[in-house]
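Peer 1: Structure: work33.cif, mmCIF, C-alpha atoms.
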```cif
data_my_file
loop_
_atom_site.label_atom_id
_atom_site.label_comp_id
_atom_site.auth_asym_id
_atom_site.auth_seq_id
_atom_site.Cartn_x
_atom_site.Cartn_y
_atom_site.Cartn_z
CA MET A 1 1.46 -10.58 42.44
CA ALA A 2 -2.33 -10.36 42.62
CA LYS A 3 -4.31 -12.91 40.66
CA GLN A 4 -5.82 -10.31 38.35
CA GLU A 5 -2.43 -8.82 37.55
CA ARG A 6 -1.11 -12.29 36.70
CA ALA A 7 -4.06 -12.86 34.38
CA ILE A 8 -3.38 -9.58 32.58
CA ARG A 9 0.29 -10.49 32.18
CA THR A 10 -0.59 -13.91 30.79
CA ARG A 11 -3.07 -12.36 28.36
CA ASN A 12 -0.51 -9.80 27.17
CA ALA A 13 2.17 -12.48 26.79
CA LEU A 14 -0.22 -14.51 24.61
CA ILE A 15 -1.06 -11.48 22.46
CA THR A 16 2.62 -10.64 21.97
CA ALA A 17 3.54 -14.26 21.18
CA ALA A 18 0.66 -14.54 18.70
CA ALA A 19 1.62 -11.25 17.02
CA GLU A 20 5.26 -12.36 16.71
CA LEU A 21 4.35 -15.73 15.22
CA PHE A 22 1.66 -14.41 12.86
CA ASP A 23 4.11 -11.73 11.71
CA GLN A 24 7.00 -14.16 11.27
CA ASP A 25 5.40 -17.38 10.02
CA GLY A 26 2.01 -16.18 8.77
CA TYR A 27 -1.45 -16.76 10.14
CA GLU A 28 -2.05 -20.27 8.76
CA ALA A 29 1.30 -21.67 9.90
CA SER A 30 0.96 -20.45 13.50
CA SER A 31 -0.77 -23.02 15.71
CA LEU A 32 -2.25 -22.33 19.13
CA ALA A 33 0.15 -24.91 20.61
CA VAL A 34 3.21 -23.03 19.34
CA ILE A 35 1.76 -19.71 20.48
CA SER A 36 1.12 -20.90 24.05
CA ALA A 37 4.58 -22.49 24.19
CA ARG A 38 6.21 -19.26 23.03
CA ALA A 39 4.25 -17.29 25.64
CA GLY A 40 5.40 -19.79 28.27
CA VAL A 41 1.85 -20.68 29.32
CA SER A 42 -0.16 -23.89 29.22
CA SER A 43 -2.63 -24.71 26.49
CA GLY A 44 -5.34 -24.53 29.17
CA ALA A 45 -4.33 -20.99 30.08
CA LEU A 46 -4.51 -19.97 26.41
CA HIS A 47 -8.02 -21.37 26.12
CA PHE A 48 -9.03 -19.64 29.34
CA HIS A 49 -8.24 -16.29 27.68
CA PHE A 50 -9.01 -17.05 24.04
CA ALA A 51 -11.60 -19.62 22.98
CA ASN A 52 -10.04 -20.14 19.55
CA LYS A 53 -7.70 -18.69 16.95
CA ALA A 54 -10.26 -16.13 15.80
CA ALA A 55 -10.56 -14.83 19.38
CA LEU A 56 -6.78 -14.53 19.55
CA VAL A 57 -6.82 -12.58 16.29
CA ASP A 58 -9.40 -10.23 17.84
CA GLY A 59 -7.11 -9.89 20.85
CA VAL A 60 -4.15 -8.84 18.68
CA VAL A 61 -6.29 -6.49 16.57
CA ASN A 62 -7.78 -4.83 19.66
CA ALA A 63 -4.35 -4.42 21.26
CA ALA A 64 -3.13 -2.84 18.01
CA GLY A 65 -6.25 -0.67 18.05
CA GLU A 66 -5.23 0.67 21.47
CA ARG A 67 -1.84 1.60 20.05
CA LEU A 68 -3.50 3.25 17.06
CA ARG A 69 -5.73 5.22 19.43
CA SER A 70 -2.63 6.44 21.23
CA ILE A 71 -1.06 7.44 17.90
CA THR A 72 -4.16 9.42 16.94
CA ARG A 73 -4.81 10.85 20.41
CA HIS A 74 -5.78 14.48 20.79
CA ARG A 75 -2.76 16.75 20.61
CA ASP A 76 -2.73 20.43 21.22
CA ALA A 77 -1.45 21.55 17.83
CA LEU A 78 -2.60 22.54 14.36
CA SER A 79 -4.49 19.64 12.79
CA LEU A 80 -2.14 19.46 9.81
CA GLN A 81 0.81 19.13 12.19
CA VAL A 82 -1.07 16.48 14.15
CA LEU A 83 -1.68 14.58 10.90
CA ILE A 84 1.99 14.68 9.91
CA ASP A 85 3.14 13.60 13.37
CA ALA A 86 0.61 10.77 13.57
CA SER A 87 1.56 9.49 10.11
CA HIS A 88 5.21 9.29 11.21
CA ASP A 89 4.19 7.61 14.49
CA LEU A 90 2.09 5.07 12.60
CA VAL A 91 4.86 4.18 10.15
CA ARG A 92 7.45 3.98 12.93
CA GLY A 93 5.02 1.81 14.92
CA LEU A 94 4.55 -0.52 11.94
CA ALA A 95 8.34 -0.89 11.78
CA GLN A 96 9.04 -1.36 15.47
CA ASP A 97 5.92 -2.68 17.19
CA VAL A 98 5.05 -6.22 16.19
CA VAL A 99 1.59 -6.04 17.80
CA LEU A 100 0.67 -2.97 15.75
CA ARG A 101 2.08 -4.51 12.56
CA ALA A 102 0.40 -7.89 13.05
CA GLY A 103 -2.85 -6.21 14.12
CA PHE A 104 -2.99 -4.18 10.90
CA ALA A 105 -2.23 -7.26 8.78
CA LEU A 106 -4.75 -9.45 10.63
CA SER A 107 -7.54 -6.87 10.58
CA ALA A 108 -7.39 -6.88 6.77
CA ARG A 109 -7.69 -10.67 6.41
CA PRO A 110 -10.53 -11.68 4.06
CA GLU A 111 -12.21 -14.03 6.54
CA ARG A 112 -12.85 -11.17 8.99
CA THR A 113 -16.50 -10.18 8.97
CA ALA A 114 -17.58 -6.73 7.89
CA ALA A 115 -18.53 -5.98 11.52
CA ALA A 116 -15.05 -6.88 12.85
CA ARG A 117 -12.69 -4.11 13.74
CA ASP A 118 -10.75 -2.85 10.71
CA LEU A 119 -7.74 -0.78 11.74
CA ARG A 120 -7.16 0.68 8.28
CA ARG A 121 -10.76 1.92 8.30
CA ASP A 122 -10.26 3.41 11.78
CA TRP A 123 -7.15 5.17 10.50
CA GLN A 124 -8.97 6.39 7.39
CA THR A 125 -11.86 7.78 9.45
CA TRP A 126 -9.41 9.67 11.66
CA VAL A 127 -7.38 11.00 8.71
CA GLU A 128 -10.54 12.27 7.00
CA ALA A 129 -11.74 14.05 10.14
CA THR A 130 -8.30 15.54 10.79
CA VAL A 131 -7.92 16.84 7.23
CA GLU A 132 -11.40 18.36 7.50
CA ARG A 133 -10.32 20.12 10.68
CA ALA A 134 -7.14 21.33 8.99
CA ALA A 135 -9.30 22.82 6.23
CA ARG A 136 -11.52 24.59 8.78
CA GLU A 137 -8.40 25.93 10.49
CA GLY A 138 -7.38 27.54 7.19
CA ALA A 139 -4.21 25.46 6.91
CA LEU A 140 -4.89 24.18 3.39
CA MET A 141 -3.97 26.06 0.23
CA PRO A 142 -7.02 27.36 -1.67
CA GLY A 143 -7.94 24.76 -4.27
CA VAL A 144 -6.74 21.79 -2.24
CA VAL A 145 -9.68 19.40 -1.90
CA PRO A 146 -9.63 17.81 1.58
CA CYS A 147 -10.68 14.39 0.33
CA ASP A 148 -7.81 14.37 -2.19
CA LEU A 149 -5.35 14.85 0.66
CA ALA A 150 -7.06 12.34 2.96
CA THR A 151 -7.26 9.68 0.22
CA THR A 152 -3.60 10.19 -0.63
CA VAL A 153 -2.40 10.01 2.99
CA VAL A 154 -4.37 6.78 3.53
CA ALA A 155 -3.01 5.26 0.30
CA VAL A 156 0.60 6.22 1.10
CA ALA A 157 0.42 4.76 4.62
CA ALA A 158 -1.09 1.52 3.30
CA GLY A 159 1.57 1.41 0.59
CA LEU A 160 4.45 1.83 3.02
CA GLU A 161 2.89 -0.88 5.22
CA ALA A 162 2.62 -3.26 2.25
CA LEU A 163 6.07 -2.49 0.82
CA GLY A 164 7.58 -2.64 4.32
CA GLY A 165 6.50 -6.26 4.57
CA GLY A 166 9.00 -7.12 1.84
CA ASP A 167 11.68 -4.54 2.64
CA PRO A 168 11.66 -2.83 6.05
CA ARG A 169 13.51 0.19 4.66
CA TRP A 170 10.18 1.43 3.32
CA LEU A 171 9.17 1.99 6.95
CA ASP A 172 12.19 4.21 7.56
CA ARG A 173 11.30 7.76 8.34
CA SER A 174 12.78 8.82 5.00
CA ALA A 175 10.19 7.38 2.61
CA LEU A 176 7.31 9.09 4.43
CA ALA A 177 9.37 12.28 4.74
CA ARG A 178 9.76 12.26 0.95
CA PHE A 179 5.99 12.14 0.56
CA TRP A 180 5.44 15.09 2.89
CA ALA A 181 8.31 17.02 1.28
CA LEU A 182 6.60 16.55 -2.09
CA VAL A 183 3.07 17.53 -1.08
CA LEU A 184 3.44 20.09 1.72
CA PRO A 185 4.57 22.92 -0.57
CA CYS A 186 1.31 22.69 -2.49
CA VAL A 187 -0.93 21.80 0.46
CA VAL A 188 -0.05 24.30 3.20
CA SER A 189 -1.76 27.68 2.91
CA PRO A 190 0.40 30.82 2.98
CA ALA A 191 -1.24 31.71 6.30
CA ALA A 192 -0.13 28.46 7.89
CA ARG A 193 3.23 28.20 6.16
CA ASP A 194 5.28 29.96 8.83
CA LEU A 195 4.14 27.42 11.36
CA PHE A 196 5.60 24.65 9.23
CA ALA A 197 9.03 26.18 8.78
CA GLY A 198 11.67 23.49 8.68
CA LEU A 199 9.19 20.77 7.86
CA GLY A 200 9.53 20.91 4.12
CA ARG A 201 12.74 19.12 3.33
CA ALA A 202 14.16 16.35 5.45
CA GLY A 203 17.31 16.06 3.34
CA CYS A 204 17.59 13.54 0.55
CA ASP A 205 18.32 10.52 2.72
CA PRO A 206 18.81 7.26 0.90
CA VAL A 207 15.56 5.40 0.42
CA PRO A 208 15.12 1.90 -0.91
CA ARG A 209 16.54 1.93 -4.43
CA GLY A 210 16.24 5.70 -4.46
CA VAL A 211 16.87 7.35 -7.77
CA PRO A 212 19.94 9.57 -7.91
CA VAL A 213 18.96 13.12 -7.20
CA ALA A 214 19.61 15.49 -10.06
CA PRO A 215 18.34 19.07 -10.18
CA PRO A 216 15.54 19.31 -12.73
CA ARG A 217 16.40 21.36 -15.80
CA ILE A 218 13.54 23.55 -16.87
CA GLY A 219 12.72 23.52 -20.56
CA SER A 220 12.15 26.61 -22.63
CA MET B 1 -5.08 -26.86 -34.15
CA ALA B 2 -1.33 -27.42 -34.25
CA LYS B 3 0.24 -29.24 -31.33
CA GLN B 4 2.25 -26.24 -30.27
CA GLU B 5 -0.78 -23.96 -30.30
CA ARG B 6 -2.68 -26.45 -28.15
CA ALA B 7 0.20 -26.53 -25.66
CA ILE B 8 0.20 -22.73 -25.42
CA ARG B 9 -3.56 -22.70 -24.84
CA THR B 10 -3.26 -25.31 -22.11
CA ARG B 11 -0.46 -23.40 -20.45
CA ASN B 12 -2.45 -20.15 -20.53
CA ALA B 13 -5.56 -21.89 -19.18
CA LEU B 14 -3.50 -23.22 -16.27
CA ILE B 15 -2.04 -19.78 -15.54
CA THR B 16 -5.47 -18.15 -15.58
CA ALA B 17 -7.02 -20.87 -13.40
CA ALA B 18 -4.15 -20.63 -10.92
CA ALA B 19 -4.41 -16.83 -10.80
CA GLU B 20 -8.17 -17.01 -10.21
CA LEU B 21 -7.86 -19.56 -7.42
CA PHE B 22 -4.87 -17.91 -5.72
CA ASP B 23 -6.73 -14.58 -5.89
CA GLN B 24 -10.00 -16.01 -4.59
CA ASP B 25 -8.97 -18.65 -2.05
CA GLY B 26 -5.38 -17.71 -1.26
CA TYR B 27 -2.14 -19.42 -2.14
CA GLU B 28 -2.14 -22.08 0.60
CA ALA B 29 -5.73 -23.18 0.02
CA SER B 30 -5.32 -23.66 -3.75
CA SER B 31 -4.19 -27.19 -4.61
CA LEU B 32 -2.75 -28.27 -7.95
CA ALA B 33 -5.64 -30.74 -8.32
CA VAL B 34 -8.25 -27.97 -8.07
CA ILE B 35 -6.26 -25.76 -10.43
CA SER B 36 -5.97 -28.43 -13.14
CA ALA B 37 -9.68 -29.27 -12.75
CA ARG B 38 -10.63 -25.61 -13.13
CA ALA B 39 -8.45 -25.30 -16.22
CA GLY B 40 -10.13 -28.42 -17.63
CA VAL B 41 -6.87 -30.30 -18.06
CA SER B 42 -5.48 -33.47 -16.55
CA SER B 43 -3.10 -33.51 -13.63
CA GLY B 44 -0.51 -34.99 -16.03
CA ALA B 45 -0.88 -32.02 -18.36
CA LEU B 46 -0.38 -29.62 -15.46
CA HIS B 47 2.83 -31.40 -14.46
CA PHE B 48 4.02 -31.38 -18.07
CA HIS B 49 3.92 -27.57 -18.00
CA PHE B 50 4.68 -26.87 -14.33
CA ALA B 51 6.79 -29.21 -12.19
CA ASN B 52 5.29 -27.94 -8.91
CA LYS B 53 3.35 -25.14 -7.26
CA ALA B 54 6.40 -22.85 -7.17
CA ALA B 55 6.79 -23.23 -10.94
CA LEU B 56 3.13 -22.35 -11.39
CA VAL B 57 3.66 -19.25 -9.25
CA ASP B 58 6.57 -18.30 -11.51
CA GLY B 59 4.26 -18.82 -14.49
CA VAL B 60 1.64 -16.43 -13.08
CA VAL B 61 4.27 -13.86 -12.06
CA ASN B 62 5.91 -13.95 -15.48
CA ALA B 63 2.56 -13.61 -17.26
CA ALA B 64 1.78 -10.63 -15.01
CA GLY B 65 5.24 -9.29 -15.82
CA GLU B 66 4.35 -9.35 -19.53
CA ARG B 67 1.26 -7.28 -18.77
CA LEU B 68 3.33 -4.87 -16.67
CA ARG B 69 5.77 -4.53 -19.56
CA SER B 70 2.89 -3.65 -21.82
CA ILE B 71 1.66 -1.05 -19.29
CA THR B 72 5.11 0.53 -19.12
CA ARG B 73 5.89 0.21 -22.82
CA HIS B 74 7.50 3.10 -24.66
CA ARG B 75 4.96 5.76 -25.55
CA ASP B 76 5.62 8.77 -27.67
CA ALA B 77 4.70 11.44 -25.10
CA LEU B 78 6.16 13.57 -22.32
CA SER B 79 7.54 11.29 -19.61
CA LEU B 80 5.31 12.80 -16.91
CA GLN B 81 2.27 12.06 -19.08
CA VAL B 82 3.53 8.54 -19.66
CA LEU B 83 3.91 8.09 -15.88
CA ILE B 84 0.36 9.30 -15.19
CA ASP B 85 -1.11 7.10 -17.93
CA ALA B 86 0.85 4.03 -16.83
CA SER B 87 -0.20 4.51 -13.19
CA HIS B 88 -3.86 4.56 -14.26
CA ASP B 89 -3.30 1.50 -16.48
CA LEU B 90 -1.64 -0.37 -13.61
CA VAL B 91 -4.42 0.39 -11.14
CA ARG B 92 -7.10 -0.48 -13.70
CA GLY B 93 -5.21 -3.68 -14.48
CA LEU B 94 -5.07 -4.61 -10.79
CA ALA B 95 -8.85 -4.16 -10.65
CA GLN B 96 -9.77 -5.98 -13.85
CA ASP B 97 -7.03 -8.45 -14.72
CA VAL B 98 -6.80 -11.35 -12.30
CA VAL B 99 -3.43 -12.51 -13.69
CA LEU B 100 -1.87 -9.09 -13.06
CA ARG B 101 -3.43 -8.87 -9.59
CA ALA B 102 -2.43 -12.39 -8.55
CA GLY B 103 1.03 -11.96 -10.08
CA PHE B 104 1.69 -8.82 -8.01
CA ALA B 105 0.46 -10.53 -4.83
CA LEU B 106 2.44 -13.72 -5.49
CA SER B 107 5.66 -11.92 -6.41
CA ALA B 108 5.67 -10.32 -2.93
CA ARG B 109 5.27 -13.59 -1.03
CA PRO B 110 7.98 -14.03 1.63
CA GLU B 111 9.11 -17.47 0.42
CA ARG B 112 10.16 -16.06 -2.97
CA THR B 113 13.92 -15.86 -3.23
CA ALA B 114 15.68 -12.55 -3.64
CA ALA B 115 16.59 -13.57 -7.19
CA ALA B 116 12.98 -14.28 -8.16
CA ARG B 117 11.12 -11.74 -10.21
CA ASP B 118 9.57 -9.00 -8.06
CA LEU B 119 6.95 -7.03 -9.98
CA ARG B 120 6.79 -4.18 -7.48
CA ARG B 121 10.55 -3.76 -7.87
CA ASP B 122 10.19 -3.80 -11.68
CA TRP B 123 7.51 -1.11 -11.38
CA GLN B 124 9.67 0.94 -8.99
CA THR B 125 12.66 0.77 -11.33
CA TRP B 126 10.53 1.97 -14.22
CA VAL B 127 8.91 4.76 -12.18
CA GLU B 128 12.31 6.02 -11.02
CA ALA B 129 13.70 6.06 -14.57
CA THR B 130 10.59 7.76 -15.94
CA VAL B 131 10.61 10.48 -13.26
CA GLU B 132 14.29 11.07 -13.99
CA ARG B 133 13.43 11.48 -17.67
CA ALA B 134 10.62 13.88 -16.78
CA ALA B 135 13.12 15.95 -14.80
CA ARG B 136 15.53 16.03 -17.75
CA GLU B 137 12.65 17.10 -20.01
CA GLY B 138 12.09 20.10 -17.72
CA ALA B 139 8.61 18.96 -16.74
CA LEU B 140 9.18 19.17 -12.98
CA MET B 141 8.77 22.33 -10.93
CA PRO B 142 12.07 23.71 -9.62
CA GLY B 143 12.60 22.32 -6.14
CA VAL B 144 10.79 19.05 -6.79
CA VAL B 145 13.20 16.24 -5.97
CA PRO B 146 12.71 13.38 -8.47
CA CYS B 147 13.13 10.66 -5.86
CA ASP B 148 10.43 12.24 -3.68
CA LEU B 149 7.98 11.94 -6.57
CA ALA B 150 9.11 8.43 -7.52
CA THR B 151 8.91 7.16 -3.93
CA THR B 152 5.43 8.66 -3.52
CA VAL B 153 4.09 7.21 -6.79
CA VAL B 154 5.39 3.74 -5.84
CA ALA B 155 3.90 4.01 -2.34
CA VAL B 156 0.51 5.20 -3.61
CA ALA B 157 0.26 2.39 -6.19
CA ALA B 158 1.20 -0.22 -3.57
CA GLY B 159 -1.32 1.31 -1.17
CA LEU B 160 -4.17 1.19 -3.69
CA GLU B 161 -3.23 -2.42 -4.47
CA ALA B 162 -3.29 -3.35 -0.77
CA LEU B 163 -6.47 -1.42 0.06
CA GLY B 164 -8.14 -2.73 -3.12
CA GLY B 165 -7.77 -6.27 -1.79
CA GLY B 166 -10.26 -5.41 0.94
CA ASP B 167 -12.44 -2.96 -0.96
CA PRO B 168 -12.24 -2.87 -4.78
CA ARG B 169 -13.45 0.74 -4.85
CA TRP B 170 -9.88 1.79 -4.02
CA LEU B 171 -8.93 0.57 -7.51
CA ASP B 172 -11.51 2.86 -9.10
CA ARG B 173 -10.00 5.52 -11.25
CA SER B 174 -11.12 8.15 -8.73
CA ALA B 175 -8.74 7.37 -5.85
CA LEU B 176 -5.68 7.59 -8.10
CA ALA B 177 -7.12 10.70 -9.80
CA ARG B 178 -7.34 12.34 -6.37
CA PHE B 179 -3.65 11.69 -5.83
CA TRP B 180 -2.66 13.22 -9.15
CA ALA B 181 -5.03 16.16 -8.60
CA LEU B 182 -3.31 16.82 -5.28
CA VAL B 183 0.29 16.63 -6.47
CA LEU B 184 0.29 17.79 -10.09
CA PRO B 185 -0.20 21.48 -9.26
CA CYS B 186 3.05 21.48 -7.30
CA VAL B 187 4.96 19.01 -9.48
CA VAL B 188 4.46 20.26 -13.05
CA SER B 189 6.79 23.05 -14.13
CA PRO B 190 5.28 26.23 -15.59
CA ALA B 191 6.92 25.33 -18.91
CA ALA B 192 5.16 21.98 -19.04
CA ARG B 193 1.88 23.11 -17.52
CA ASP B 194 0.13 23.96 -20.78
CA LEU B 195 0.67 20.42 -21.97
CA PHE B 196 -1.21 19.12 -18.93
CA ALA B 197 -4.25 21.35 -19.30
CA GLY B 198 -7.33 19.55 -18.15
CA LEU B 199 -5.39 17.01 -16.18
CA GLY B 200 -5.47 18.76 -12.85
CA ARG B 201 -8.92 18.12 -11.52
CA ALA B 202 -10.91 15.03 -12.40
CA GLY B 203 -13.99 16.18 -10.50
CA CYS B 204 -14.64 15.15 -6.94
CA ASP B 205 -16.05 11.72 -7.72
CA PRO B 206 -17.15 9.67 -4.77
CA VAL B 207 -14.33 7.58 -3.39
CA PRO B 208 -14.50 4.96 -0.66
CA ARG B 209 -15.67 6.73 2.48
CA GLY B 210 -14.57 10.02 0.95
CA VAL B 211 -14.85 13.02 3.23
CA PRO B 212 -17.42 15.61 2.22
CA VAL B 213 -15.83 18.24 0.06
CA ALA B 214 -15.87 21.70 1.59
CA PRO B 215 -13.85 24.64 0.28
CA PRO B 216 -11.05 25.37 2.72
CA ARG B 217 -11.43 28.64 4.59
CA ILE B 218 -8.18 30.47 4.88
CA GLY B 219 -7.34 31.89 8.28
CA SER B 220 -6.14 35.42 8.79
#
```
Let me see the file written as structure tokens.

Peer 2:
Amino acid sequence: MAKQERAIRTRNALITAAAELFDQDGYEASSLAVISARAGVSSGALHFHFANKAALVDGVVNAAGERLRSITRHRDALSLQVLIDASHDLVRGLAQDVVLRAGFALSARPERTAAARDLRRDWQTWVEATVERAAREGALMPGVVPCDLATTVVAVAAGLEALGGGDPRWLDRSALARFWALVLPCVVSPAARDLFAGLGRAGCDPVPRGVPVAPPRIGS
Amino acid sequence: MAKQERAIRTRNALITAAAELFDQDGYEASSLAVISARAGVSSGALHFHFANKAALVDGVVNAAGERLRSITRHRDALSLQVLIDASHDLVRGLAQDVVLRAGFALSARPERTAAARDLRRDWQTWVEATVERAAREGALMPGVVPCDLATTVVAVAAGLEALGGGDPRWLDRSALARFWALVLPCVVSPAARDLFAGLGRAGCDPVPRGVPVAPPRIGS
């Protein structure tokens, strides 16, 4: 194995070990010594790659940022479809990919400077631009204000991330599917509706402490 | 001042001081010594009221729970209106009331036992019951699944709480108003719509990094 390849492997092993420990035991409780031991590398090797804990945090956040970039990559589809797909990819990633999950949590820590990378802000910027594109494509119902939709999508994703920290079932596909099932009928323009056939209802899967589903009775 | 009244004042001062310090410096960094000093009471007085840090956390969470109960108290109005009002009261409370904010954050800490009071779960239970009542009152559009609405409201509130920790503007009234403006048109039944006149659009107030508002153009 070439020297450079070994260095990249060591760096990735440290990032994964740090993400796992930060995610499991919290940032304060995770020492550099435990992280290097978990990665199976010497303390010297850790310090070769990361000068201190803050540099390791940057490493995890940047690795998570790469994953976020892949989630929000250009796709050849209607922007509203791209937004729905990316939101599902993000929530699934937060459930399954410890680097993405730890990166999001770390990038929101209060001691991070304003100039440091903030993954939620990156996500917000992308959501806003994508909703704007969806509006220009004529996919939004007349009267739907793009920033209302963008703000709501960002809030829901942050909420599922936060709730998922206490109960992973919030990061199931079903909770996010419930959100889209609720809003798509009033968000998708008639012109775009045919393209979203089958998207509306994902079945009333159990969600965390879901309320029993009863058909609404309409008053007089 | 009667002895009992003095004891209640001391206890409340300790809860407020603890909430302020947990909120400002984090749970780990806040020692009992600093908390009692901030409350202006002796270390002995603190230990008279709270045996240890975990008991103080319970004190803050329970005080926040009282505030949540007041937010979700019975109101003589349509259940959907009660839900909207309570969501605004909760978000405003998270912005302005440090005991409520710290209580929500503390009640989600991983070391809390499953039996300990969880304010987000209390809120979720209330939201689910209130949406169910709204459905029975005929206030929901046919086709709207109550658990979709309940899940979304819980996720949005948790998202605004989480995002508000990094940028308080998310706890402005405007971000939550955007959510309700987006969903109410497709959630409120025709029968109930007249009762919600004026609720739909709260104006496109600036929100954090809000996208510019452009009317959607509808494609052919």

Peer 1: Could you tell me how far CA of Asp97 in chain A lies from CA of Ile84 in chain A, in Å and to one decimal?

Peer 2: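 These two atoms are separated by 19.2 Å.
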
Peer 1: Tell me which protein, DNA and RNA residues are within 12 Å of Ser42 in chain A, counting all atoms listed in the file, leaving out same-chain ones fewer than 5 positions away, and put them as a count of residues only.

Peer 2: 13

Peer 1: Go through B:Val41, B:Leu160, B:Val154, B:Leu21 one by one, measure the shortest atom-to-atom distance of each to Val99 in chain B using all atoms listed in the file, and give the residue with the smallest value.

Peer 2: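 For Val99 in chain B, the nearest of the candidates is B:Leu21.
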
Peer 1: Carefully work through the PyMOL selection byres ((chain B and resi 65-72) around 9) for this structure and note down the residues it includes, as number ranges by chain.

Peer 2: B: 60-64, 73-75, 82-83, 85-87, 89-90, 93, 99-100, 103-104, 117-119, 122-123, 126-127

Peer 1: Apply the PyMOL selection byres ((chain A and resi 146-152) around 7) to the displayed file and report the matching residues as JSON, numbers by chain.

Peer 2: {"A": [127, 128, 131, 132, 135, 144, 145, 153, 154, 155, 156], "B": [175, 178, 179, 182, 210, 211, 213]}

Peer 1: Smallest atom-to-atom distance to Ala105 in chain A: which of B:Ala158, B:Leu163, B:Leu56, B:Phe50, using only C-alpha atoms?

Peer 2: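 Looking at the shortest contact to Ala105 in chain A, the residue is B:Leu163.
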
Peer 1: As a short mmCIF file (atom, residue, chain, number, x, y, z; two decimals), in the frame of the given file, please: range 173-184 of chain A completed to N, CA, C and O atoms.

Peer 2:
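Wrote it out as result05.cif, contents follow:
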```cif
data_model
loop_
_atom_site.label_atom_id
_atom_site.label_comp_id
_atom_site.auth_asym_id
_atom_site.auth_seq_id
_atom_site.Cartn_x
_atom_site.Cartn_y
_atom_site.Cartn_z
N ARG A 173 11.90 6.43 8.35
CA ARG A 173 11.30 7.76 8.34
C ARG A 173 11.43 8.43 6.96
O ARG A 173 10.58 9.22 6.56
N SER A 174 12.47 8.05 6.21
CA SER A 174 12.78 8.82 5.00
C SER A 174 11.73 8.70 3.90
O SER A 174 11.44 9.68 3.22
N ALA A 175 11.16 7.52 3.71
CA ALA A 175 10.19 7.38 2.61
C ALA A 175 8.98 8.26 2.87
O ALA A 175 8.50 8.96 1.97
N LEU A 176 8.46 8.24 4.11
CA LEU A 176 7.31 9.09 4.43
C LEU A 176 7.69 10.56 4.37
O LEU A 176 6.89 11.40 3.92
N ALA A 177 8.92 10.88 4.80
CA ALA A 177 9.37 12.28 4.74
C ALA A 177 9.41 12.77 3.29
O ALA A 177 9.12 13.93 3.00
N ARG A 178 9.76 11.88 2.37
CA ARG A 178 9.76 12.26 0.95
C ARG A 178 8.35 12.62 0.49
O ARG A 178 8.16 13.56 -0.28
N PHE A 179 7.37 11.84 0.92
CA PHE A 179 5.99 12.14 0.56
C PHE A 179 5.60 13.53 1.06
O PHE A 179 5.09 14.36 0.30
N TRP A 180 5.86 13.79 2.35
CA TRP A 180 5.44 15.09 2.89
C TRP A 180 6.23 16.22 2.24
O TRP A 180 5.69 17.31 2.01
N ALA A 181 7.51 15.98 1.94
CA ALA A 181 8.31 17.02 1.28
C ALA A 181 7.73 17.35 -0.09
O ALA A 181 7.74 18.49 -0.54
N LEU A 182 7.19 16.33 -0.76
CA LEU A 182 6.60 16.55 -2.09
C LEU A 182 5.30 17.34 -1.99
O LEU A 182 5.08 18.27 -2.76
N VAL A 183 4.42 16.95 -1.05
CA VAL A 183 3.07 17.53 -1.08
C VAL A 183 2.92 18.79 -0.23
O VAL A 183 2.07 19.63 -0.54
N LEU A 184 3.70 18.93 0.84
CA LEU A 184 3.44 20.09 1.72
C LEU A 184 3.53 21.43 1.00
O LEU A 184 2.69 22.29 1.24
#
```
